[in-house]
$ cat input24.cif   # mmCIF, N, CA and C atoms
data_coords
loop_
_atom_site.label_atom_id
_atom_site.label_comp_id
_atom_site.auth_asym_id
_atom_site.auth_seq_id
_atom_site.Cartn_x
_atom_site.Cartn_y
_atom_site.Cartn_z
N MET A 88 0.85 -1.18 0.00
CA MET A 88 0.00 0.00 0.00
C MET A 88 0.89 1.24 0.00
N THR A 89 0.46 2.25 -0.73
CA THR A 89 1.21 3.50 -0.80
C THR A 89 0.65 4.50 0.21
N GLU A 90 1.38 5.60 0.40
CA GLU A 90 0.89 6.66 1.28
C GLU A 90 -0.44 7.19 0.76
N HIS A 91 -0.55 7.30 -0.56
CA HIS A 91 -1.81 7.77 -1.16
C HIS A 91 -2.96 6.83 -0.82
N ASP A 92 -2.70 5.52 -0.86
CA ASP A 92 -3.73 4.53 -0.51
C ASP A 92 -4.18 4.72 0.94
N ASN A 93 -3.20 4.91 1.85
CA ASN A 93 -3.54 5.08 3.27
C ASN A 93 -4.37 6.34 3.48
N GLU A 94 -4.02 7.42 2.80
CA GLU A 94 -4.81 8.65 2.90
C GLU A 94 -6.24 8.41 2.41
N ARG A 95 -6.36 7.77 1.27
CA ARG A 95 -7.69 7.50 0.70
C ARG A 95 -8.54 6.66 1.65
N LEU A 96 -7.92 5.63 2.25
CA LEU A 96 -8.65 4.77 3.18
C LEU A 96 -9.06 5.53 4.44
N TYR A 97 -8.18 6.39 4.95
CA TYR A 97 -8.51 7.18 6.14
C TYR A 97 -9.69 8.12 5.83
N ARG A 98 -9.60 8.81 4.72
CA ARG A 98 -10.70 9.72 4.35
C ARG A 98 -12.01 8.95 4.18
N ARG A 99 -11.93 7.77 3.66
CA ARG A 99 -13.14 6.94 3.50
C ARG A 99 -13.71 6.55 4.86
N LEU A 100 -12.84 6.19 5.81
CA LEU A 100 -13.29 5.85 7.16
C LEU A 100 -14.04 7.02 7.79
N ILE A 101 -13.47 8.20 7.69
CA ILE A 101 -14.11 9.39 8.27
C ILE A 101 -15.43 9.66 7.58
N ASP A 102 -15.43 9.68 6.26
CA ASP A 102 -16.63 10.04 5.51
C ASP A 102 -17.74 9.00 5.65
N GLU A 103 -17.43 7.75 5.37
CA GLU A 103 -18.49 6.74 5.33
C GLU A 103 -18.94 6.27 6.71
N VAL A 104 -17.99 6.03 7.63
CA VAL A 104 -18.36 5.49 8.94
C VAL A 104 -18.87 6.59 9.87
N PHE A 105 -18.09 7.66 10.01
CA PHE A 105 -18.46 8.69 10.98
C PHE A 105 -19.45 9.72 10.43
N ASN A 106 -19.23 10.22 9.23
CA ASN A 106 -20.12 11.25 8.69
C ASN A 106 -21.43 10.71 8.15
N GLN A 107 -21.38 9.54 7.52
CA GLN A 107 -22.60 8.98 6.93
C GLN A 107 -23.25 7.92 7.82
N GLY A 108 -22.52 7.40 8.80
CA GLY A 108 -23.08 6.40 9.69
C GLY A 108 -23.14 4.99 9.13
N HIS A 109 -22.38 4.72 8.08
CA HIS A 109 -22.33 3.37 7.50
C HIS A 109 -21.31 2.54 8.26
N THR A 110 -21.68 2.12 9.47
CA THR A 110 -20.72 1.49 10.37
C THR A 110 -20.18 0.16 9.84
N SER A 111 -20.91 -0.53 8.99
CA SER A 111 -20.43 -1.81 8.48
C SER A 111 -19.16 -1.65 7.65
N VAL A 112 -18.89 -0.46 7.13
CA VAL A 112 -17.68 -0.21 6.36
C VAL A 112 -16.44 -0.41 7.23
N ALA A 113 -16.59 -0.25 8.56
CA ALA A 113 -15.46 -0.46 9.47
C ALA A 113 -14.92 -1.89 9.35
N ASP A 114 -15.76 -2.85 9.02
CA ASP A 114 -15.29 -4.23 8.84
C ASP A 114 -14.27 -4.34 7.73
N GLU A 115 -14.40 -3.49 6.73
CA GLU A 115 -13.49 -3.50 5.59
C GLU A 115 -12.22 -2.69 5.85
N LEU A 116 -12.34 -1.60 6.62
CA LEU A 116 -11.23 -0.65 6.78
C LEU A 116 -10.41 -0.81 8.05
N VAL A 117 -10.93 -1.56 9.02
CA VAL A 117 -10.25 -1.72 10.31
C VAL A 117 -9.97 -3.20 10.54
N ALA A 118 -8.72 -3.52 10.85
CA ALA A 118 -8.32 -4.91 11.07
C ALA A 118 -8.97 -5.46 12.34
N PRO A 119 -9.30 -6.74 12.35
CA PRO A 119 -9.92 -7.34 13.54
C PRO A 119 -9.05 -7.19 14.79
N HIS A 120 -7.74 -7.14 14.62
CA HIS A 120 -6.81 -7.04 15.75
C HIS A 120 -6.37 -5.60 16.02
N ALA A 121 -7.03 -4.61 15.39
CA ALA A 121 -6.65 -3.20 15.56
C ALA A 121 -6.76 -2.79 17.03
N VAL A 122 -5.80 -1.98 17.46
CA VAL A 122 -5.73 -1.53 18.85
C VAL A 122 -6.16 -0.08 18.94
N GLU A 123 -7.09 0.21 19.84
CA GLU A 123 -7.57 1.57 20.10
C GLU A 123 -6.82 2.14 21.29
N ARG A 124 -6.15 3.27 21.10
CA ARG A 124 -5.36 3.87 22.18
C ARG A 124 -5.93 5.20 22.66
N GLN A 125 -7.11 5.56 22.20
CA GLN A 125 -7.74 6.81 22.63
C GLN A 125 -8.35 6.63 24.01
N ARG A 126 -8.06 7.56 24.90
CA ARG A 126 -8.67 7.52 26.23
C ARG A 126 -10.19 7.58 26.04
N GLY A 127 -10.88 6.68 26.71
CA GLY A 127 -12.33 6.65 26.57
C GLY A 127 -12.80 5.97 25.29
N GLY A 128 -11.88 5.29 24.61
CA GLY A 128 -12.26 4.59 23.37
C GLY A 128 -13.28 3.50 23.67
N MET A 129 -14.00 3.11 22.66
CA MET A 129 -15.10 2.16 22.81
C MET A 129 -14.70 0.73 22.50
N GLY A 130 -13.39 0.43 22.49
CA GLY A 130 -12.94 -0.93 22.26
C GLY A 130 -12.09 -1.05 21.01
N ASP A 131 -11.50 -2.21 20.85
CA ASP A 131 -10.60 -2.47 19.74
C ASP A 131 -11.33 -3.01 18.51
N GLY A 132 -10.60 -3.03 17.40
CA GLY A 132 -11.12 -3.63 16.17
C GLY A 132 -12.28 -2.86 15.57
N PRO A 133 -12.87 -3.43 14.53
CA PRO A 133 -13.99 -2.76 13.87
C PRO A 133 -15.19 -2.54 14.80
N GLU A 134 -15.40 -3.45 15.75
CA GLU A 134 -16.55 -3.28 16.65
C GLU A 134 -16.40 -2.03 17.51
N GLY A 135 -15.17 -1.72 17.94
CA GLY A 135 -14.93 -0.51 18.71
C GLY A 135 -15.20 0.74 17.88
N VAL A 136 -14.79 0.72 16.62
CA VAL A 136 -15.05 1.85 15.73
C VAL A 136 -16.55 2.01 15.51
N LYS A 137 -17.24 0.90 15.31
CA LYS A 137 -18.70 0.96 15.12
C LYS A 137 -19.39 1.54 16.34
N ARG A 138 -18.97 1.09 17.55
CA ARG A 138 -19.57 1.62 18.78
C ARG A 138 -19.32 3.12 18.90
N THR A 139 -18.09 3.54 18.63
CA THR A 139 -17.76 4.96 18.74
C THR A 139 -18.62 5.79 17.80
N ALA A 140 -18.69 5.39 16.54
CA ALA A 140 -19.51 6.12 15.57
C ALA A 140 -20.98 6.12 15.97
N SER A 141 -21.48 5.00 16.45
CA SER A 141 -22.89 4.90 16.85
C SER A 141 -23.20 5.80 18.04
N VAL A 142 -22.31 5.81 19.03
CA VAL A 142 -22.52 6.67 20.22
C VAL A 142 -22.52 8.14 19.81
N LEU A 143 -21.56 8.53 18.99
CA LEU A 143 -21.50 9.93 18.54
C LEU A 143 -22.73 10.31 17.73
N ARG A 144 -23.15 9.45 16.83
CA ARG A 144 -24.30 9.76 15.99
C ARG A 144 -25.62 9.68 16.75
N SER A 145 -25.63 8.94 17.86
CA SER A 145 -26.82 8.90 18.72
C SER A 145 -26.95 10.22 19.49
N ALA A 146 -25.84 10.74 19.98
CA ALA A 146 -25.85 12.01 20.72
C ALA A 146 -25.99 13.21 19.79
N PHE A 147 -25.42 13.09 18.59
CA PHE A 147 -25.41 14.17 17.59
C PHE A 147 -25.82 13.57 16.25
N PRO A 148 -27.12 13.45 15.95
CA PRO A 148 -27.55 12.80 14.70
C PRO A 148 -26.97 13.42 13.44
N ASP A 149 -26.60 14.70 13.51
CA ASP A 149 -25.98 15.36 12.36
C ASP A 149 -24.46 15.42 12.51
N PHE A 150 -23.90 14.51 13.30
CA PHE A 150 -22.47 14.50 13.58
C PHE A 150 -21.66 14.52 12.29
N SER A 151 -20.59 15.32 12.32
CA SER A 151 -19.67 15.33 11.18
C SER A 151 -18.26 15.61 11.66
N LEU A 152 -17.32 15.06 10.93
CA LEU A 152 -15.90 15.37 11.10
C LEU A 152 -15.44 16.00 9.79
N THR A 153 -14.79 17.14 9.90
CA THR A 153 -14.23 17.81 8.74
C THR A 153 -12.71 17.79 8.88
N ILE A 154 -12.04 17.18 7.94
CA ILE A 154 -10.59 17.12 7.97
C ILE A 154 -10.05 18.49 7.57
N GLN A 155 -9.29 19.11 8.47
CA GLN A 155 -8.73 20.43 8.20
C GLN A 155 -7.27 20.35 7.76
N ASP A 156 -6.54 19.41 8.30
CA ASP A 156 -5.16 19.17 7.91
C ASP A 156 -4.93 17.67 7.93
N LEU A 157 -4.14 17.17 6.99
CA LEU A 157 -3.84 15.75 6.94
C LEU A 157 -2.43 15.56 6.40
N VAL A 158 -1.66 14.74 7.11
CA VAL A 158 -0.29 14.44 6.69
C VAL A 158 -0.12 12.93 6.72
N VAL A 159 0.50 12.39 5.70
CA VAL A 159 0.79 10.97 5.65
C VAL A 159 2.31 10.80 5.74
N ASP A 160 2.73 9.94 6.63
CA ASP A 160 4.15 9.63 6.78
C ASP A 160 4.29 8.12 6.86
N GLY A 161 4.65 7.51 5.74
CA GLY A 161 4.78 6.06 5.70
C GLY A 161 3.46 5.38 5.96
N ASP A 162 3.41 4.58 7.03
CA ASP A 162 2.19 3.83 7.35
C ASP A 162 1.24 4.59 8.27
N LYS A 163 1.55 5.86 8.58
CA LYS A 163 0.70 6.64 9.50
C LYS A 163 0.04 7.81 8.79
N VAL A 164 -1.23 8.04 9.16
CA VAL A 164 -1.98 9.20 8.72
C VAL A 164 -2.25 10.05 9.95
N TRP A 165 -1.86 11.31 9.89
CA TRP A 165 -2.06 12.28 10.97
C TRP A 165 -3.10 13.28 10.51
N ALA A 166 -4.14 13.52 11.33
CA ALA A 166 -5.20 14.43 10.89
C ALA A 166 -5.65 15.34 12.03
N ARG A 167 -5.88 16.62 11.66
CA ARG A 167 -6.53 17.57 12.56
C ARG A 167 -7.91 17.81 11.96
N GLN A 168 -8.92 17.64 12.82
CA GLN A 168 -10.29 17.69 12.33
C GLN A 168 -11.16 18.55 13.24
N ARG A 169 -12.29 18.96 12.71
CA ARG A 169 -13.31 19.65 13.48
C ARG A 169 -14.50 18.71 13.51
N GLY A 170 -14.96 18.38 14.73
CA GLY A 170 -16.06 17.43 14.83
C GLY A 170 -17.14 17.91 15.78
N GLY A 171 -18.36 17.50 15.48
CA GLY A 171 -19.48 17.84 16.37
C GLY A 171 -20.79 17.84 15.61
N GLY A 172 -21.75 18.53 16.19
CA GLY A 172 -23.08 18.61 15.61
C GLY A 172 -24.06 19.13 16.64
N THR A 173 -25.33 18.82 16.45
CA THR A 173 -26.39 19.29 17.37
C THR A 173 -26.72 18.17 18.34
N ASN A 174 -26.64 18.47 19.62
CA ASN A 174 -26.82 17.48 20.68
C ASN A 174 -28.31 17.27 20.98
N THR A 175 -28.85 16.20 20.37
CA THR A 175 -30.27 15.88 20.60
C THR A 175 -30.44 14.53 21.28
N GLY A 176 -29.32 13.92 21.67
CA GLY A 176 -29.36 12.63 22.38
C GLY A 176 -28.46 12.69 23.60
N SER A 177 -28.56 11.71 24.45
CA SER A 177 -27.76 11.64 25.67
C SER A 177 -26.26 11.66 25.32
N PHE A 178 -25.48 12.40 26.12
CA PHE A 178 -24.05 12.52 25.90
C PHE A 178 -23.33 12.45 27.23
N PHE A 179 -22.46 11.46 27.40
CA PHE A 179 -21.74 11.24 28.67
C PHE A 179 -22.72 11.19 29.84
N GLY A 180 -23.88 10.59 29.62
CA GLY A 180 -24.87 10.44 30.69
C GLY A 180 -25.70 11.69 30.95
N HIS A 181 -25.48 12.75 30.18
CA HIS A 181 -26.25 13.99 30.34
C HIS A 181 -27.41 14.00 29.35
N PRO A 182 -28.54 14.58 29.74
CA PRO A 182 -29.64 14.69 28.79
C PRO A 182 -29.28 15.63 27.65
N PRO A 183 -29.99 15.55 26.53
CA PRO A 183 -29.71 16.41 25.38
C PRO A 183 -29.84 17.89 25.75
N THR A 184 -28.98 18.70 25.14
CA THR A 184 -29.01 20.15 25.39
C THR A 184 -29.66 20.91 24.25
N GLY A 185 -29.72 20.30 23.07
CA GLY A 185 -30.23 21.00 21.90
C GLY A 185 -29.22 21.97 21.30
N LYS A 186 -28.05 22.08 21.90
CA LYS A 186 -27.03 23.01 21.42
C LYS A 186 -26.18 22.37 20.32
N THR A 187 -25.69 23.22 19.44
CA THR A 187 -24.76 22.80 18.40
C THR A 187 -23.36 23.18 18.84
N ALA A 188 -22.45 22.23 18.79
CA ALA A 188 -21.08 22.47 19.24
C ALA A 188 -20.10 21.67 18.42
N TYR A 189 -18.92 22.24 18.24
CA TYR A 189 -17.83 21.59 17.50
C TYR A 189 -16.54 21.72 18.29
N ILE A 190 -15.68 20.73 18.15
CA ILE A 190 -14.40 20.72 18.84
C ILE A 190 -13.29 20.29 17.87
N GLU A 191 -12.06 20.46 18.33
CA GLU A 191 -10.90 19.98 17.59
C GLU A 191 -10.65 18.51 17.95
N VAL A 192 -10.26 17.74 16.97
CA VAL A 192 -9.94 16.32 17.15
C VAL A 192 -8.62 16.06 16.41
N PHE A 193 -7.67 15.44 17.10
CA PHE A 193 -6.42 15.04 16.47
C PHE A 193 -6.37 13.52 16.44
N ASP A 194 -6.04 12.95 15.30
CA ASP A 194 -5.99 11.50 15.13
C ASP A 194 -4.69 11.09 14.46
N VAL A 195 -4.23 9.91 14.84
CA VAL A 195 -3.15 9.22 14.14
C VAL A 195 -3.64 7.80 13.92
N ALA A 196 -3.59 7.35 12.69
CA ALA A 196 -3.99 5.98 12.36
C ALA A 196 -2.81 5.31 11.65
N ARG A 197 -2.48 4.10 12.10
CA ARG A 197 -1.42 3.33 11.46
C ARG A 197 -2.07 2.22 10.64
N PHE A 198 -1.57 2.05 9.42
CA PHE A 198 -2.13 1.09 8.48
C PHE A 198 -1.17 -0.05 8.20
N GLU A 199 -1.72 -1.23 8.01
CA GLU A 199 -1.00 -2.40 7.49
C GLU A 199 -1.93 -3.10 6.51
N ASP A 200 -1.43 -3.41 5.35
CA ASP A 200 -2.19 -4.16 4.35
C ASP A 200 -3.58 -3.58 4.08
N GLY A 201 -3.66 -2.25 4.03
CA GLY A 201 -4.91 -1.60 3.65
C GLY A 201 -5.95 -1.49 4.75
N ARG A 202 -5.52 -1.67 6.02
CA ARG A 202 -6.47 -1.56 7.13
C ARG A 202 -5.82 -0.84 8.30
N VAL A 203 -6.64 -0.14 9.07
CA VAL A 203 -6.16 0.48 10.30
C VAL A 203 -5.83 -0.63 11.29
N VAL A 204 -4.62 -0.56 11.87
CA VAL A 204 -4.22 -1.55 12.88
C VAL A 204 -3.97 -0.90 14.24
N GLU A 205 -3.92 0.43 14.26
CA GLU A 205 -3.68 1.14 15.52
C GLU A 205 -4.20 2.56 15.36
N HIS A 206 -4.83 3.08 16.43
CA HIS A 206 -5.38 4.44 16.40
C HIS A 206 -5.11 5.14 17.72
N TRP A 207 -4.66 6.39 17.61
CA TRP A 207 -4.53 7.27 18.75
C TRP A 207 -5.42 8.47 18.44
N GLY A 208 -6.24 8.90 19.38
CA GLY A 208 -7.11 10.05 19.16
C GLY A 208 -7.10 10.97 20.36
N VAL A 209 -7.19 12.28 20.06
CA VAL A 209 -7.25 13.28 21.12
C VAL A 209 -8.39 14.24 20.79
N PRO A 210 -9.61 13.88 21.19
CA PRO A 210 -10.73 14.81 21.02
C PRO A 210 -10.79 15.74 22.23
N ASP A 211 -11.19 16.97 22.02
CA ASP A 211 -11.32 17.94 23.11
C ASP A 211 -12.64 17.69 23.85
N GLN A 212 -12.69 16.60 24.61
CA GLN A 212 -13.91 16.22 25.31
C GLN A 212 -14.33 17.28 26.33
N LEU A 213 -13.38 17.86 27.04
CA LEU A 213 -13.69 18.90 28.01
C LEU A 213 -14.30 20.11 27.30
N GLY A 214 -13.72 20.46 26.15
CA GLY A 214 -14.27 21.57 25.37
C GLY A 214 -15.69 21.31 24.91
N MET A 215 -16.00 20.06 24.55
CA MET A 215 -17.36 19.73 24.12
C MET A 215 -18.33 19.86 25.28
N LEU A 216 -17.95 19.35 26.45
CA LEU A 216 -18.83 19.47 27.62
C LEU A 216 -19.09 20.94 27.95
N ALA A 217 -18.07 21.78 27.84
CA ALA A 217 -18.24 23.21 28.11
C ALA A 217 -19.11 23.86 27.04
N ALA A 218 -18.87 23.53 25.77
CA ALA A 218 -19.65 24.13 24.68
C ALA A 218 -21.13 23.77 24.78
N LEU A 219 -21.42 22.59 25.32
CA LEU A 219 -22.81 22.17 25.49
C LEU A 219 -23.43 22.72 26.77
N GLY A 220 -22.63 23.43 27.58
CA GLY A 220 -23.13 24.02 28.83
C GLY A 220 -23.26 22.99 29.94
N LEU A 221 -22.58 21.85 29.81
CA LEU A 221 -22.69 20.79 30.81
C LEU A 221 -21.70 20.98 31.95
N ILE A 222 -20.66 21.77 31.73
CA ILE A 222 -19.70 22.12 32.79
C ILE A 222 -19.28 23.57 32.58
N ASP A 223 -18.81 24.18 33.66
CA ASP A 223 -18.26 25.52 33.57
C ASP A 223 -16.75 25.43 33.65
N LEU A 224 -16.09 26.14 32.76
CA LEU A 224 -14.64 26.21 32.81
C LEU A 224 -14.25 27.39 33.69
N PRO A 225 -13.12 27.29 34.39
CA PRO A 225 -12.68 28.43 35.18
C PRO A 225 -12.43 29.64 34.27
N SER A 226 -12.70 30.81 34.80
CA SER A 226 -12.46 32.01 33.98
C SER A 226 -10.95 32.27 33.91
N ARG A 227 -10.59 32.90 32.85
CA ARG A 227 -9.18 33.21 32.61
C ARG A 227 -8.85 34.52 33.33
N PRO A 228 -7.74 34.56 34.07
CA PRO A 228 -7.41 35.82 34.75
C PRO A 228 -7.07 36.91 33.73
N ALA A 229 -7.37 38.15 34.12
CA ALA A 229 -7.04 39.29 33.25
C ALA A 229 -5.53 39.44 33.17
N PRO A 230 -5.03 39.87 32.03
CA PRO A 230 -3.58 40.06 31.92
C PRO A 230 -3.10 41.12 32.89
N ALA A 231 -1.90 40.95 33.39
CA ALA A 231 -1.33 41.91 34.33
C ALA A 231 -1.05 43.22 33.61
N ALA A 232 -1.22 44.31 34.32
CA ALA A 232 -0.92 45.64 33.75
C ALA A 232 0.58 45.76 33.55
N VAL A 233 0.92 46.44 32.47
CA VAL A 233 2.35 46.60 32.16
C VAL A 233 2.87 47.89 32.71
#

$ encode --input "input24.cif" --output "structure tokens"
Amino acid sequence: MTEHDNERLYRRLIDEVFNQGHTSVADELVAPHAVERQRGGMGDGPEGVKRTASVLRSAFPDFSLTIQDLVVDGDKVWARQRGGGTNTGSFFGHPPTGKTAYIEVFDVARFEDGRVVEHWGVPDQLGMLAALGLIDLPSRPAPAAV
């Protein structure tokens, strides 16, 4: 597989599984032995990816990820994305807020033989909770006078 192939497969995973909700595509794009390294991940392999996409789309039926930057280096795809939608379902055990919110998401996916075999993700979960009004962030102190 080439770097171009890995990029194409990553973009397909984001578009078809997460943006369109076609979770069965994860069976084709994610290896059965794939390891999920994201804190709060929903498990390994294609089933973990399916659970993650389903939970997000349940809380945000219009959920979308927009790739803003993407770099491929050998077998790894690095992506900075904007993700979110309108919260009309339960999220982290909280009732729906009806608010629309988006956060930054950083992902690294490693590929072998045309499938994701390892994933690291850093979604701004705290930022999402704050944007939905579910938590208050401490206020920022005013800059010191010069």

$ residues_around --input "input24.cif" --residues "range 141-143 of chain A" --least-positions-apart "5" --cutoff "8 Å" --atoms "all atoms listed in the file" --output "list in words"
Val104, Phe105, Gly108, Thr110, Gly135, Val136, Pro148, Asp149, Phe150, Ser151, Ser177 and Phe178 of chain A

$ residues_near_point --input "input24.cif" --point "(-13.9, 17.6, 22.8)" --cutoff "8 Å" --atoms "only N, CA and C atoms" --output "list in words"
Gly170, Tyr189, Ile190, Glu191, Val192, Val209, Pro210, Asp211, Gln212, Leu213, Gly214, Met215, Leu216 and Ala217 of chain A

$ atom_distance --input "input24.cif" --atom1 "atom C of Ala118 in chain A" --atom2 "atom N of Pro133 in chain A"
4.9 Å

$ resolve_selection --input "input24.cif" --expression "the PyMOL selection byres (((chain A and resi 120 and name CA) around 9) and name CA)" --output "ChimeraX atom specification"
/A:117-119,121-122,131-133,204-205

$ closest_residue --input "input24.cif" --among "A:Asp156, A:Ala232, A:Gly208, A:Gly161" --to "Met88 in chain A" --atoms "only C-alpha atoms"
A:Gly161

$ axis_aligned_box --input "input24.cif" --around "range 157-171 of chain A" --padding-each-side "6 Å" --output "JSON"
{"center_x": -8.0, "center_y": 11.7, "center_z": 11.0, "size_x": 37.6, "size_y": 27.8, "size_z": 22.7}

$ select_by_dssp --input "input24.cif" --residues "chain A" --states "helix (DSSP H, G or I)" --output "ChimeraX atom specification"
/A:90-106,110-116,132-146,212-218

$ closest_residue --input "input24.cif" --among "A:Trp165, A:Phe198, A:Phe179, A:Phe147" --to "Leu116 in chain A" --atoms "only C-alpha atoms"
A:Phe198

$ select_by_dssp --input "input24.cif" --residues "chain A" --states "strand (DSSP E or B)" --output "PyMOL selection string"
chain A and resi 117-123+151-160+163-173+178+181+187-199+202-210

$ atom_distance --input "input24.cif" --atom1 "CA of Lys186 in chain A" --atom2 "CA of Leu157 in chain A"
28.3 Å

$ resolve_selection --input "input24.cif" --expression "the PyMOL selection byres ((chain A and resi 90) around 7)" --output "list in words"
Met88, Thr89, His91, Asp92, Asn93, Glu94, Arg95, Val159, Asp160, Gly161 and Asp162 of chain A
